[in-house]
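> Sharing a structure here in structure tokens format.
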Amino acid sequence: MHPAPSVIVFTTLSGLGFGLLAWLGIGMPVVTGWSAFAFFAVAYLLAVGGLISSTFHLGHPERALKAFTQWRSSWLSREAWAAVLALVVMGLYGAGLVFFGQRWSALGWIGAALSLGTVYTTSMIYGQMKTVPRWKTPLTSALYLTLSLAGGALLAGQVSFALILLPVAAVVQVLWWKRGDTALEQSGSTLASATGLARDGAVVRAFEPPHTGTNYLLREFVHVIGRKHARKLRLIALGLGFVLPVVLLLLPFSHVFGLVAVLSHVIGIAASRWLFFAEAEHVVGIYYGKRAA
């Protein structure tokens, strides 16, 4: 699929922001006053900034509020509600820490659950799409959640947890790639199955392209990336997103190393997110001769 910059920014930053909010909600780190304000400011800038960036990919951004009306059937609508609830609850919890020096634990745990719930609903926007076999797996939600928790631990300064969660997230990422590379083939979607013409073992081929020009489907749902290019980006994503941060965390503590670890992780996850969309084979590509399954 077309890797739109706004969606890459959204999935990268919001995952980190809500991950940090989840850690703050359970009291890691224990902060009050201006320290708490700084942590919550970073978390809200990432979470809200990511959510705002997602609206730029909408055909009519001014209609974004209508997403709240379809919560019974739409994961996008559920994401909107979960995000608002998480931000409101964590805002109240943060106010207690910043202005009153009070940690309302129950509110924090609810906010943490809602924050991770928001990440889950985001993952399900993609994970429930049968038309993109690479995404249609529980590993998609596992990937989003582990990345959010790992990135959040890194931002929250929870080194011990980050050293565990970063490798776990890296393993989930590799498994997601490995499974995804054969997902389209194993889905059974072919030109023959779509047309219903596969009888008596006949081979079905397109006589000619549907049309000579481009269209919305080709622009949004068909993006072909070379295997060599994909391998290089995967190595960059693994190296910067997971390996380098772990190495830096294992060194004697330094604010400089910590900052570099966070920046490296963000860049690596952005590369991973670009691949998440660029490598996603929408089945419509088969019918335009852009995919082979």
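Chain labels run A, B, ... following the order of the structure tokens; each chain numbers its residues from 1, and ligands are numbered from 1 in the order shown.
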Write out as a ChimeraX atom specification the set of residues from range 81-235 of chain A that DSSP, computed on the backbone, places in alpha helix (DSSP H).

/A:81-99,105-127,138-155,159-180,183-187,191-195,216-221,227-235

> Name the closest residue to Ile26 in chain A among the candidates A:Phe56, A:Gly94, A:Leu13, A:Thr69; distances are taken between atoms, counting only C-alpha atoms.

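Nearest candidate to Ile26 in chain A out of A:Phe56, A:Gly94, A:Leu13, A:Thr69: A:Gly94.
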
> With only C-alpha atoms as the basis for distance, which of A:Leu51, A:Leu233, A:Ala261, A:Leu46 is at the shortest distance from Gly157 in chain A?

A:Ala261

> Near Arg103 in chain A, within 12 Å and counting only C-alpha atoms, which residues show up once chain neighbours fewer than 6 positions away are dropped, as a list in words?

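Once the adjacent positions are removed, what remains is Leu24, Gly25, Ile26, Gly27, Met28, Pro29, Val30, Val31, Thr32, Gly33, Ala36, Met90, Leu92, Tyr93, Gly94, Ala95, Gly96, Leu97 and Trp109 of chain A.
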
> Between A:Asn215, A:Ala156, A:Gln102, A:Phe221, single out the one closest to Leu259 in chain A, counting only C-alpha atoms.

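Selected residue with least distance to Leu259 in chain A: A:Ala156.
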
> Could you give me, as JSON lines, a per-residue list for range 107-192 of chain A showing, wherever an atom lies at most 9 Å from an atom of range 75-89 of chain A, the closest pair of atoms and their distance in Å to one decimal, using only C-alpha atoms and sorting by chain then residue number from low to high?


{"residue": "A:Leu107", "atom": "CA", "partner": "A:Val89", "partner_atom": "CA", "distance": 6.8}
{"residue": "A:Gly108", "atom": "CA", "partner": "A:Val89", "partner_atom": "CA", "distance": 7.7}
{"residue": "A:Ile110", "atom": "CA", "partner": "A:Val89", "partner_atom": "CA", "distance": 7.5}
{"residue": "A:Gly111", "atom": "CA", "partner": "A:Ala86", "partner_atom": "CA", "distance": 5.3}
{"residue": "A:Ala112", "atom": "CA", "partner": "A:Ala86", "partner_atom": "CA", "distance": 7.6}
{"residue": "A:Ala113", "atom": "CA", "partner": "A:Ala86", "partner_atom": "CA", "distance": 8.1}
{"residue": "A:Leu114", "atom": "CA", "partner": "A:Ala86", "partner_atom": "CA", "distance": 4.9}
{"residue": "A:Ser115", "atom": "CA", "partner": "A:Ala86", "partner_atom": "CA", "distance": 5.3}
{"residue": "A:Leu116", "atom": "CA", "partner": "A:Ala86", "partner_atom": "CA", "distance": 8.8}
{"residue": "A:Gly117", "atom": "CA", "partner": "A:Ala82", "partner_atom": "CA", "distance": 6.6}
{"residue": "A:Thr118", "atom": "CA", "partner": "A:Ala82", "partner_atom": "CA", "distance": 5.1}
{"residue": "A:Val119", "atom": "CA", "partner": "A:Glu79", "partner_atom": "CA", "distance": 7.9}
{"residue": "A:Tyr120", "atom": "CA", "partner": "A:Glu79", "partner_atom": "CA", "distance": 8.2}
{"residue": "A:Thr121", "atom": "CA", "partner": "A:Glu79", "partner_atom": "CA", "distance": 5.0}
{"residue": "A:Thr122", "atom": "CA", "partner": "A:Glu79", "partner_atom": "CA", "distance": 5.9}
{"residue": "A:Ser123", "atom": "CA", "partner": "A:Trp75", "partner_atom": "CA", "distance": 8.9}
{"residue": "A:Met124", "atom": "CA", "partner": "A:Trp75", "partner_atom": "CA", "distance": 6.4}
{"residue": "A:Ile125", "atom": "CA", "partner": "A:Trp75", "partner_atom": "CA", "distance": 5.3}
{"residue": "A:Tyr126", "atom": "CA", "partner": "A:Trp75", "partner_atom": "CA", "distance": 9.0}
{"residue": "A:Gln128", "atom": "CA", "partner": "A:Trp75", "partner_atom": "CA", "distance": 8.8}
